[in-house]
Amino acid sequence: MGAPLPTRAADRALTRPRRRSLAALAALAALLAVGGTVAYDLDTPDPAPADAPADTFSAGRAYQNVQAVAARPHPAGSPANDQVRAHVESVLRGLGLETTVQDTVAEEAGQLSGAAAGATLARVRNVVARLPGTDPTGKVFLVAHYDSVQSGPGGNDDAAGTSTILEVARALTAGPRPRNDVVFVLTDAEEACLCGASAFAADHPLAADGGVVLNLEARGSTGPVIMFETSRDNAKLVDVFGRAAPHPVGTSFAVEIYRALPNDTDFTAFLDRAGFVGLNSAYIDGGAIYHTPLDTPAAMDRASLQQHGDNALGLTREFGRADLTDLRSGHDATYFPVPGGLVRYPGWLVLPLALAALVAVAALGWLARRRGRTTYGRLAAGFGLALAPIVAAPLAAQLLWAGITAVRPGYAELLDPYRPTWYRLAVVALAAAILVAWYALTRRRVGPAALAVGGLGWLAVLGVVLALLVPGGAYLTTLPALAGAAAGLVALGTRVDGPWPVVSVTLAGSVAVLILLPTVVLLFPALGMAMGGVAALFAVLLGLAALPVVDLLHPEAGGQRGMVAARARRAGALPAVAAGLAAAVFAGVGLAVDRFDAAHPVPTHLMYALDAGTGQARWLSRETDPQPWTDGYVDGVAEVGDFPGLGDAELRGGPAQAANVPAPKLEILADTGTGSGSADRRTVRVRLTPQRPVRLATLHVDGATVVESATVNGRRIDGGRPADDAAWGFGLVFHAPPPEGIEITLELAPGTRPATLRAMDASDGLDAVPGFRPRPPDVGVVGSHSSEMLAVARTYPL
């Protein structure tokens, strides 16, 4: 890039304070104060005791229900789930609420995993209670699921949501009745297939006219409650959330990201139906225990429970008094948390603001060149070079995590480490090391002004890209770019050695901290350490937005020669070295403190599959690189095509002894039509009856048979044509099958040949399987719907 300009690099900065050290300390103190305020505001409130006023939410009271709901695992259909349902009914009826149980068969929308066509269904028993309004304009639905996964008691997921609703119901009945009806919906079989919510939204009379849905979830054990999903055209809803929630944490960026992900909650079932709008909230930190035996009431952070309840009660009261006839605003809002509240503005402003930021940064570059702080060549170089840390920091973070998981491979099966804080600090320190190293290497040749404008330029460009592709996330770069450009223009338009340039760039840096620091903090638990590079990206963007403040902290080094310049360069490298060492120390401490032990076991996955027709059995695991304990059961990749009910994921397998476990019984109740002619349609009616207590049962038809439709316990579902090379085609998965079995009617396409049916059922627990060795104390169960599954299958020809 040629020799440096003859003027000193410090003179080419946007600010040139007389007392550089004092200005640097003041700016740094201001940014740290803002950052501390942001972190404090994201903290959860103190839990209220059990003797708190009757009309308020008390985590102490709610926790008593958590203990009752999450005393043991209670998947849909289990006797333990019956006990939980009875408790929920008893509490709601004890409050004098109209309480009923919706007992029906429901279907999950979508295609069955591992089949060319099919459906997932469940018998569900939803608990529904209503608090009638005084002059209703609509209904407010509070929704949570009371079932748990089979592998854990669900102390957080979702005893937190269930208990929050029970405590909110108690608080509402202790005060004046709301204007609008409030309906409390405790759904069944959410973990299995979202079937309870689907049944309520589609078939329950109270859902016929729609309303406002507040869904309460948990995907962890601690942290702030985040409102992470909304219905479309959410501006009015977000306005209520910002005003009525005592602790409003939520971003339009999170909503955009979640909409793009394949994840679902009960909220999905309501969004699929016309007339429903609403908000979806959860706390998500502490994800290591998610869906595991460790998700007990004792693992719950009651401060997170308090925030759940405070927000749910505040929103219910606000929606309970509002006119609910029209809550769709025609556009989505952009919003994000700041200390003391929620900033929000209409979505139609997103693109104009992004373009304004781009123009403002361009104007800053023009003025900086006009004032002699840089040249167009250096501006181009600064813009190009600013891409380096944007790319390098996320890449380095991913490589860091790859190295850590190589040392501790058990992390691959965890949503997040048990104690992730040190690793998160390592990623932030690594991003800082890359940024300050890049700045030290480029500052002398390109100049601080060009680098600052270049960094803001990338923020502005990303703002335009996000405005076009992910509008709800554009604020993350647009607003820091606007603030930075405005600060630069002020700095260049006032006395170069006066206080205002430093004040302006410090204010701009504060805006970047306000907007980007919560994003960095919340992205870690949201995405897990496996995607820590995303948090590193936003940490670098925060650093680029604050480059003028970074420059104040940097030693002056420009036109000096000899030993003075050498000392300055060495001093400039010290922050990068310190940050790099900090990253290494944080990662090392993380490895030292987050060891697997009895309280924090290494997660393992194992299941057992028996073909009752052939007597062949095998152990199966989804672990790509099996842990030592799992490795004692499985070796190479297993072929599980004869178990279509297990899906099509690649599994490891190993030989197993055949257990004395009965296969599900399949009876032919009726078979009409021969199916031998091209115009004949064959109808087959069967009954599938498990011969032991099971969690689910499946039925698949061979791949050469086309099922046009099916009726399962009275519910009709569409059929489908399998792929030409599929061994098994149309399939059904039925969760929580009743003891008397499932009646299935298959309408086969004309001309189909006689069918072969594959029946399977699955229970939980491997202790009785021959050859199973109990896990050592430091070996745990991974949070998976197939963990500890005992599957038995048999083929039945027609």
# chains A, B, ... in the order shown; residues from 1 in each chain; ligands from 1
>>> select_by_dssp(residues="stretch 53-233 of chain A", states="helix (DSSP H, G or I)", output="PyMOL selection string")
chain A and resi 59-69+79-94+159-173+190-193+195-203+205-207
>>> closest_atom_pairs(of="stretch 673-724 of chain A", to="stretch 641-649 of chain A", cutoff="9 Å", atoms="only C-alpha atoms", output="JSON lines")
{"residue": "A:Ala697", "atom": "CA", "partner": "A:Gly645", "partner_atom": "CA", "distance": 8.4}
{"residue": "A:Thr698", "atom": "CA", "partner": "A:Gly645", "partner_atom": "CA", "distance": 6.0}
{"residue": "A:Leu699", "atom": "CA", "partner": "A:Gly645", "partner_atom": "CA", "distance": 7.7}
{"residue": "A:His700", "atom": "CA", "partner": "A:Pro644", "partner_atom": "CA", "distance": 7.2}
>>> atom_distance(atom1="atom CA of A:Glu98", atom2="atom CA of A:Asp181")
11.7 Å
>>> closest_residue(among="A:Ala144, A:Met760, A:Leu425, A:Val238", to="A:Ser329", atoms="only C-alpha atoms")
A:Val238
>>> closest_residue(among="A:Met227, A:Met531, A:Val503, A:Ala576", to="A:Leu400", atoms="only C-alpha atoms")
A:Met531
>>> closest_atom_pairs(of="stretch 477-570 of chain A", to="stretch 342-349 of chain A", cutoff="12 Å", atoms="only C-alpha atoms", output="JSON lines")
{"residue": "A:Thr478", "atom": "CA", "partner": "A:Leu349", "partner_atom": "CA", "distance": 11.2}
{"residue": "A:Leu479", "atom": "CA", "partner": "A:Leu349", "partner_atom": "CA", "distance": 11.8}
{"residue": "A:Leu514", "atom": "CA", "partner": "A:Val343", "partner_atom": "CA", "distance": 10.8}
{"residue": "A:Ile515", "atom": "CA", "partner": "A:Val343", "partner_atom": "CA", "distance": 10.0}
>>> write_last_selection(atoms="N, CA, C and O atoms", output="short mmCIF file (atom, residue, chain, number, x, y, z; two decimals), in the first residue's frame")
data_model
loop_
_atom_site.label_atom_id
_atom_site.label_comp_id
_atom_site.auth_asym_id
_atom_site.auth_seq_id
_atom_site.Cartn_x
_atom_site.Cartn_y
_atom_site.Cartn_z
N THR A 478 -27.52 -0.95 11.27
CA THR A 478 -27.94 0.36 10.77
C THR A 478 -27.78 1.44 11.84
O THR A 478 -27.20 2.52 11.58
N LEU A 479 -28.31 1.20 13.03
CA LEU A 479 -28.30 2.24 14.05
C LEU A 479 -26.89 2.55 14.55
O LEU A 479 -26.54 3.73 14.71
N LEU A 514 -25.26 -0.44 23.57
CA LEU A 514 -26.67 -0.65 23.90
C LEU A 514 -27.33 -1.64 22.96
O LEU A 514 -28.15 -2.48 23.38
N ILE A 515 -26.99 -1.57 21.68
CA ILE A 515 -27.67 -2.39 20.68
C ILE A 515 -27.02 -3.75 20.51
O ILE A 515 -27.71 -4.78 20.41
#
>>> residues_around(residues="stretch 455-464 of chain A", least_positions_apart="2", cutoff="6 Å", atoms="only C-alpha atoms", output="list of chain:residue names")
A:Ala354, A:Ala357, A:Leu358, A:Ala386, A:Ala452, A:Val453, A:Leu466, A:Ala467, A:Ala474, A:Thr477, A:Thr478, A:Ala481, A:Leu544
>>> residues_around(residues="A:Ala397", least_positions_apart="5", cutoff="7 Å", atoms="only C-alpha atoms", output="PDB file with N, CA and C atoms, in the first residue's frame")
ATOM      1  N   VAL A 427     -14.460 -16.807  23.653  1.00  0.00           N
ATOM      2  CA  VAL A 427     -14.846 -16.376  22.304  1.00  0.00           C
ATOM      3  C   VAL A 427     -14.792 -14.860  22.190  1.00  0.00           C
ATOM      4  N   GLY A 532     -20.779 -20.511  18.276  1.00  0.00           N
ATOM      5  CA  GLY A 532     -20.226 -19.335  18.933  1.00  0.00           C
ATOM      6  C   GLY A 532     -19.663 -18.319  17.964  1.00  0.00           C
ATOM      7  N   GLY A 533     -19.367 -18.745  16.738  1.00  0.00           N
ATOM      8  CA  GLY A 533     -18.868 -17.806  15.742  1.00  0.00           C
ATOM      9  C   GLY A 533     -19.846 -16.694  15.432  1.00  0.00           C
ATOM     10  N   ALA A 536     -19.291 -14.155  17.990  1.00  0.00           N
ATOM     11  CA  ALA A 536     -18.013 -13.499  17.700  1.00  0.00           C
ATOM     12  C   ALA A 536     -18.171 -12.463  16.599  1.00  0.00           C
TER      13      ALA A 536
END
>>> residues_around(residues="stretch 517-519 of chain A", least_positions_apart="4", cutoff="8 Å", atoms="only C-alpha atoms", output="VMD selection string")
chain A and resid 35 38 to 39 42 337 512 to 513 523 535 538 to 539 542
>>> write_last_selection(atoms="N, CA and C atoms", output="CSV table (one decimal), in the first residue's frame")
chain,number,residue,atom,x,y,z
A,35,GLY,N,-22.2,-0.7,29.4
A,35,GLY,CA,-22.2,-2.2,29.3
A,35,GLY,C,-22.7,-2.8,30.6
A,38,VAL,N,-26.4,-2.4,30.8
A,38,VAL,CA,-27.1,-3.3,29.9
A,38,VAL,C,-27.2,-4.7,30.5
A,39,ALA,N,-26.0,-5.2,31.1
A,39,ALA,CA,-26.0,-6.5,31.7
A,39,ALA,C,-26.9,-6.6,32.9
A,42,LEU,N,-30.5,-7.0,31.8
A,42,LEU,CA,-30.9,-8.3,31.3
A,42,LEU,C,-31.0,-9.3,32.5
A,337,PRO,N,-34.3,-4.5,23.3
A,337,PRO,CA,-34.3,-4.1,24.6
A,337,PRO,C,-33.2,-3.0,24.9
A,512,ALA,N,-23.7,1.7,20.2
A,512,ALA,CA,-23.3,0.4,19.7
A,512,ALA,C,-23.3,-0.6,20.8
A,513,VAL,N,-22.9,-0.2,22.0
A,513,VAL,CA,-23.0,-1.2,23.2
A,513,VAL,C,-24.4,-1.5,23.5
A,523,LEU,N,-27.1,-14.3,22.2
A,523,LEU,CA,-26.8,-15.3,21.1
A,523,LEU,C,-26.1,-16.6,21.6
A,535,ALA,N,-21.9,-15.2,17.6
A,535,ALA,CA,-21.6,-14.2,18.7
A,535,ALA,C,-20.3,-13.4,18.5
A,538,PHE,N,-20.8,-10.6,15.9
A,538,PHE,CA,-21.4,-9.4,16.5
A,538,PHE,C,-20.5,-8.7,17.5
A,539,ALA,N,-19.7,-9.4,18.1
A,539,ALA,CA,-18.7,-8.8,19.0
A,539,ALA,C,-17.7,-7.9,18.2
A,542,LEU,N,-19.4,-4.8,17.0
A,542,LEU,CA,-19.4,-3.8,18.1
A,542,LEU,C,-18.1,-3.1,18.2
>>> closest_atom_pairs(of="stretch 139-193 of chain A", to="stretch 255-279 of chain A", cutoff="10 Å", atoms="only C-alpha atoms", output="tab-separated table")
residue	atom	partner	partner_atom	distance
A:Lys139	CA	A:Phe276	CA	9.9
A:Val140	CA	A:Gly278	CA	9.1
A:Phe141	CA	A:Gly278	CA	8.9
A:Leu142	CA	A:Gly278	CA	10.0
A:Val143	CA	A:Asp266	CA	7.8
A:Ala144	CA	A:Asp266	CA	7.6
A:His145	CA	A:Asp266	CA	7.8
A:Thr187	CA	A:Asp266	CA	8.2
A:Asp188	CA	A:Asp266	CA	9.9
A:Ala189	CA	A:Asp266	CA	9.7
A:Glu190	CA	A:Asp266	CA	6.5
A:Glu191	CA	A:Thr265	CA	8.7
A:Cys193	CA	A:Asp266	CA	9.2
>>> write_last_selection(atoms="N, CA and C atoms", output="mmCIF file, in the first residue's frame")
data_model
loop_
_atom_site.group_PDB
_atom_site.id
_atom_site.type_symbol
_atom_site.label_atom_id
_atom_site.label_comp_id
_atom_site.auth_asym_id
_atom_site.auth_seq_id
_atom_site.Cartn_x
_atom_site.Cartn_y
_atom_site.Cartn_z
ATOM 1 N N LYS A 139 -60.776 -13.224 23.233
ATOM 2 C CA LYS A 139 -60.223 -14.133 24.243
ATOM 3 C C LYS A 139 -58.704 -14.010 24.306
ATOM 4 N N VAL A 140 -58.195 -14.184 25.519
ATOM 5 C CA VAL A 140 -56.754 -14.273 25.755
ATOM 6 C C VAL A 140 -56.463 -15.705 26.171
ATOM 7 N N PHE A 141 -55.569 -16.378 25.450
ATOM 8 C CA PHE A 141 -55.229 -17.771 25.734
ATOM 9 C C PHE A 141 -53.833 -17.843 26.353
ATOM 10 N N LEU A 142 -53.738 -18.383 27.549
ATOM 11 C CA LEU A 142 -52.439 -18.683 28.147
ATOM 12 C C LEU A 142 -52.169 -20.166 27.932
ATOM 13 N N VAL A 143 -51.064 -20.475 27.270
ATOM 14 C CA VAL A 143 -50.816 -21.843 26.808
ATOM 15 C C VAL A 143 -49.471 -22.334 27.316
ATOM 16 N N ALA A 144 -49.443 -23.560 27.823
ATOM 17 C CA ALA A 144 -48.201 -24.272 28.161
ATOM 18 C C ALA A 144 -48.530 -25.755 28.119
ATOM 19 N N HIS A 145 -47.515 -26.595 27.985
ATOM 20 C CA HIS A 145 -47.779 -28.040 27.952
ATOM 21 C C HIS A 145 -47.386 -28.666 29.284
ATOM 22 N N THR A 187 -51.719 -28.062 27.538
ATOM 23 C CA THR A 187 -51.798 -29.029 26.454
ATOM 24 C C THR A 187 -51.042 -30.318 26.778
ATOM 25 N N ASP A 188 -51.442 -31.363 26.088
ATOM 26 C CA ASP A 188 -50.838 -32.687 26.213
ATOM 27 C C ASP A 188 -50.050 -32.990 24.933
ATOM 28 N N ALA A 189 -49.073 -33.893 25.042
ATOM 29 C CA ALA A 189 -48.335 -34.440 23.887
ATOM 30 C C ALA A 189 -47.613 -33.376 23.069
ATOM 31 N N GLU A 190 -47.183 -32.293 23.716
ATOM 32 C CA GLU A 190 -46.357 -31.320 22.993
ATOM 33 C C GLU A 190 -45.018 -31.934 22.627
ATOM 34 N N GLU A 191 -44.419 -32.633 23.568
ATOM 35 C CA GLU A 191 -43.104 -33.213 23.309
ATOM 36 C C GLU A 191 -43.171 -34.270 22.211
ATOM 37 N N CYS A 193 -45.539 -34.480 19.608
ATOM 38 C CA CYS A 193 -45.923 -34.059 18.253
ATOM 39 C C CYS A 193 -46.695 -32.745 18.193
#
>>> residues_around(residues="A:Gly543", least_positions_apart="6", cutoff="8 Å", atoms="only C-alpha atoms", output="PyMOL selection string")
chain A and resi 432+435+550
>>> write_last_selection(atoms="N, CA, C and O atoms", output="compact mmCIF listing (two decimals), in the first residue's frame")
# COMPACT_ATOMS: atom_id res chain seq x y z
N ALA A 432 -11.87 -10.02 20.37
CA ALA A 432 -11.17 -8.77 20.70
C ALA A 432 -9.71 -8.84 20.29
O ALA A 432 -9.16 -7.86 19.76
N LEU A 435 -9.52 -8.30 16.58
CA LEU A 435 -9.82 -6.92 16.19
C LEU A 435 -8.66 -5.99 16.52
O LEU A 435 -8.23 -5.19 15.66
N VAL A 550 -11.57 2.95 20.51
CA VAL A 550 -10.42 2.05 20.51
C VAL A 550 -9.15 2.84 20.20
O VAL A 550 -8.08 2.62 20.79
>>> residues_around(residues="A:Arg652", least_positions_apart="6", cutoff="12 Å", atoms="only C-alpha atoms", output="VMD selection string")
chain A and resid 605 to 608 618 to 627 630 to 640
>>> closest_residue(among="A:Pro776, A:Ala59, A:Ala23, A:Asp82", to="A:Asp597", atoms="only C-alpha atoms")
A:Pro776
>>> closest_residue(among="A:Thr705, A:Ser163, A:Ala609, A:Leu757", to="A:Ile668", atoms="only C-alpha atoms")
A:Leu757
>>> decode(residues="stretch 194-222 of chain A", atoms="N, CA, C and O atoms", output="PDB file, in the first residue's frame")
ATOM      1  N   LEU A 194     -46.724 -31.975  19.257  1.00  0.00           N
ATOM      2  CA  LEU A 194     -47.531 -30.745  19.310  1.00  0.00           C
ATOM      3  C   LEU A 194     -49.011 -31.055  19.095  1.00  0.00           C
ATOM      4  O   LEU A 194     -49.794 -30.170  18.740  1.00  0.00           O
ATOM      5  N   CYS A 195     -49.395 -32.298  19.342  1.00  0.00           N
ATOM      6  CA  CYS A 195     -50.752 -32.713  18.979  1.00  0.00           C
ATOM      7  C   CYS A 195     -51.815 -32.109  19.890  1.00  0.00           C
ATOM      8  O   CYS A 195     -52.949 -31.875  19.463  1.00  0.00           O
ATOM      9  N   GLY A 196     -51.481 -31.861  21.158  1.00  0.00           N
ATOM     10  CA  GLY A 196     -52.463 -31.264  22.042  1.00  0.00           C
ATOM     11  C   GLY A 196     -52.860 -29.869  21.599  1.00  0.00           C
ATOM     12  O   GLY A 196     -54.050 -29.532  21.534  1.00  0.00           O
ATOM     13  N   ALA A 197     -51.876 -29.041  21.280  1.00  0.00           N
ATOM     14  CA  ALA A 197     -52.169 -27.690  20.802  1.00  0.00           C
ATOM     15  C   ALA A 197     -52.913 -27.738  19.475  1.00  0.00           C
ATOM     16  O   ALA A 197     -53.824 -26.934  19.226  1.00  0.00           O
ATOM     17  N   SER A 198     -52.524 -28.675  18.616  1.00  0.00           N
ATOM     18  CA  SER A 198     -53.213 -28.809  17.331  1.00  0.00           C
ATOM     19  C   SER A 198     -54.677 -29.164  17.537  1.00  0.00           C
ATOM     20  O   SER A 198     -55.565 -28.614  16.871  1.00  0.00           O
ATOM     21  N   ALA A 199     -54.948 -30.073  18.488  1.00  0.00           N
ATOM     22  CA  ALA A 199     -56.332 -30.463  18.760  1.00  0.00           C
ATOM     23  C   ALA A 199     -57.143 -29.295  19.291  1.00  0.00           C
ATOM     24  O   ALA A 199     -58.288 -29.070  18.885  1.00  0.00           O
ATOM     25  N   PHE A 200     -56.556 -28.521  20.199  1.00  0.00           N
ATOM     26  CA  PHE A 200     -57.303 -27.391  20.758  1.00  0.00           C
ATOM     27  C   PHE A 200     -57.573 -26.334  19.689  1.00  0.00           C
ATOM     28  O   PHE A 200     -58.705 -25.877  19.530  1.00  0.00           O
ATOM     29  N   ALA A 201     -56.531 -25.934  18.965  1.00  0.00           N
ATOM     30  CA  ALA A 201     -56.692 -24.861  17.984  1.00  0.00           C
ATOM     31  C   ALA A 201     -57.663 -25.246  16.872  1.00  0.00           C
ATOM     32  O   ALA A 201     -58.400 -24.400  16.361  1.00  0.00           O
ATOM     33  N   ALA A 202     -57.687 -26.525  16.513  1.00  0.00           N
ATOM     34  CA  ALA A 202     -58.513 -26.950  15.383  1.00  0.00           C
ATOM     35  C   ALA A 202     -59.941 -27.297  15.784  1.00  0.00           C
ATOM     36  O   ALA A 202     -60.875 -27.060  15.007  1.00  0.00           O
ATOM     37  N   ASP A 203     -60.131 -27.855  16.999  1.00  0.00           N
ATOM     38  CA  ASP A 203     -61.411 -28.481  17.301  1.00  0.00           C
ATOM     39  C   ASP A 203     -62.132 -27.954  18.535  1.00  0.00           C
ATOM     40  O   ASP A 203     -63.324 -28.232  18.692  1.00  0.00           O
ATOM     41  N   HIS A 204     -61.461 -27.259  19.429  1.00  0.00           N
ATOM     42  CA  HIS A 204     -62.139 -26.878  20.669  1.00  0.00           C
ATOM     43  C   HIS A 204     -63.061 -25.698  20.425  1.00  0.00           C
ATOM     44  O   HIS A 204     -62.685 -24.737  19.744  1.00  0.00           O
ATOM     45  N   PRO A 205     -64.289 -25.725  20.958  1.00  0.00           N
ATOM     46  CA  PRO A 205     -65.232 -24.615  20.732  1.00  0.00           C
ATOM     47  C   PRO A 205     -64.691 -23.257  21.174  1.00  0.00           C
ATOM     48  O   PRO A 205     -64.976 -22.234  20.536  1.00  0.00           O
ATOM     49  N   LEU A 206     -63.899 -23.209  22.254  1.00  0.00           N
ATOM     50  CA  LEU A 206     -63.380 -21.920  22.717  1.00  0.00           C
ATOM     51  C   LEU A 206     -62.368 -21.319  21.749  1.00  0.00           C
ATOM     52  O   LEU A 206     -62.080 -20.118  21.813  1.00  0.00           O
ATOM     53  N   ALA A 207     -61.818 -22.138  20.856  1.00  0.00           N
ATOM     54  CA  ALA A 207     -60.827 -21.638  19.898  1.00  0.00           C
ATOM     55  C   ALA A 207     -61.445 -21.220  18.584  1.00  0.00           C
ATOM     56  O   ALA A 207     -60.728 -20.750  17.684  1.00  0.00           O
ATOM     57  N   ALA A 208     -62.745 -21.355  18.445  1.00  0.00           N
ATOM     58  CA  ALA A 208     -63.388 -21.157  17.142  1.00  0.00           C
ATOM     59  C   ALA A 208     -63.170 -19.763  16.585  1.00  0.00           C
ATOM     60  O   ALA A 208     -62.992 -19.595  15.366  1.00  0.00           O
ATOM     61  N   ASP A 209     -63.167 -18.743  17.438  1.00  0.00           N
ATOM     62  CA  ASP A 209     -63.048 -17.365  16.957  1.00  0.00           C
ATOM     63  C   ASP A 209     -61.640 -16.801  17.086  1.00  0.00           C
ATOM     64  O   ASP A 209     -61.414 -15.611  16.863  1.00  0.00           O
ATOM     65  N   GLY A 210     -60.683 -17.632  17.480  1.00  0.00           N
ATOM     66  CA  GLY A 210     -59.312 -17.149  17.620  1.00  0.00           C
ATOM     67  C   GLY A 210     -59.138 -16.279  18.841  1.00  0.00           C
ATOM     68  O   GLY A 210     -59.967 -16.245  19.757  1.00  0.00           O
ATOM     69  N   GLY A 211     -58.031 -15.531  18.863  1.00  0.00           N
ATOM     70  CA  GLY A 211     -57.733 -14.653  19.985  1.00  0.00           C
ATOM     71  C   GLY A 211     -56.243 -14.429  20.119  1.00  0.00           C
ATOM     72  O   GLY A 211     -55.464 -14.719  19.202  1.00  0.00           O
ATOM     73  N   VAL A 212     -55.842 -13.913  21.269  1.00  0.00           N
ATOM     74  CA  VAL A 212     -54.437 -13.618  21.554  1.00  0.00           C
ATOM     75  C   VAL A 212     -53.846 -14.772  22.342  1.00  0.00           C
ATOM     76  O   VAL A 212     -54.365 -15.140  23.399  1.00  0.00           O
ATOM     77  N   VAL A 213     -52.751 -15.338  21.846  1.00  0.00           N
ATOM     78  CA  VAL A 213     -52.106 -16.485  22.470  1.00  0.00           C
ATOM     79  C   VAL A 213     -50.804 -16.034  23.129  1.00  0.00           C
ATOM     80  O   VAL A 213     -49.964 -15.401  22.482  1.00  0.00           O
ATOM     81  N   LEU A 214     -50.643 -16.380  24.392  1.00  0.00           N
ATOM     82  CA  LEU A 214     -49.385 -16.178  25.110  1.00  0.00           C
ATOM     83  C   LEU A 214     -48.846 -17.557  25.457  1.00  0.00           C
ATOM     84  O   LEU A 214     -49.355 -18.219  26.375  1.00  0.00           O
ATOM     85  N   ASN A 215     -47.861 -18.027  24.708  1.00  0.00           N
ATOM     86  CA  ASN A 215     -47.307 -19.359  24.928  1.00  0.00           C
ATOM     87  C   ASN A 215     -46.068 -19.254  25.808  1.00  0.00           C
ATOM     88  O   ASN A 215     -45.201 -18.406  25.591  1.00  0.00           O
ATOM     89  N   LEU A 216     -45.979 -20.130  26.811  1.00  0.00           N
ATOM     90  CA  LEU A 216     -44.903 -20.076  27.795  1.00  0.00           C
ATOM     91  C   LEU A 216     -44.084 -21.362  27.713  1.00  0.00           C
ATOM     92  O   LEU A 216     -44.612 -22.464  27.878  1.00  0.00           O
ATOM     93  N   GLU A 217     -42.783 -21.200  27.486  1.00  0.00           N
ATOM     94  CA  GLU A 217     -41.890 -22.341  27.307  1.00  0.00           C
ATOM     95  C   GLU A 217     -40.615 -22.149  28.120  1.00  0.00           C
ATOM     96  O   GLU A 217     -40.380 -21.080  28.699  1.00  0.00           O
ATOM     97  N   ALA A 218     -39.771 -23.175  28.115  1.00  0.00           N
ATOM     98  CA  ALA A 218     -38.432 -23.101  28.711  1.00  0.00           C
ATOM     99  C   ALA A 218     -37.557 -24.095  27.970  1.00  0.00           C
ATOM    100  O   ALA A 218     -37.968 -25.226  27.727  1.00  0.00           O
ATOM    101  N   ARG A 219     -36.345 -23.647  27.622  1.00  0.00           N
ATOM    102  CA  ARG A 219     -35.388 -24.532  26.954  1.00  0.00           C
ATOM    103  C   ARG A 219     -34.046 -24.418  27.661  1.00  0.00           C
ATOM    104  O   ARG A 219     -33.039 -24.059  27.079  1.00  0.00           O
ATOM    105  N   GLY A 220     -34.082 -24.699  28.945  1.00  0.00           N
ATOM    106  CA  GLY A 220     -32.899 -24.536  29.780  1.00  0.00           C
ATOM    107  C   GLY A 220     -33.323 -24.482  31.223  1.00  0.00           C
ATOM    108  O   GLY A 220     -34.350 -25.038  31.612  1.00  0.00           O
ATOM    109  N   SER A 221     -32.562 -23.767  32.035  1.00  0.00           N
ATOM    110  CA  SER A 221     -32.877 -23.709  33.461  1.00  0.00           C
ATOM    111  C   SER A 221     -32.718 -22.329  34.063  1.00  0.00           C
ATOM    112  O   SER A 221     -33.058 -22.135  35.237  1.00  0.00           O
ATOM    113  N   THR A 222     -32.237 -21.352  33.290  1.00  0.00           N
ATOM    114  CA  THR A 222     -31.945 -20.044  33.867  1.00  0.00           C
ATOM    115  C   THR A 222     -31.914 -18.997  32.764  1.00  0.00           C
ATOM    116  O   THR A 222     -32.140 -19.294  31.591  1.00  0.00           O
TER     117      THR A 222
END
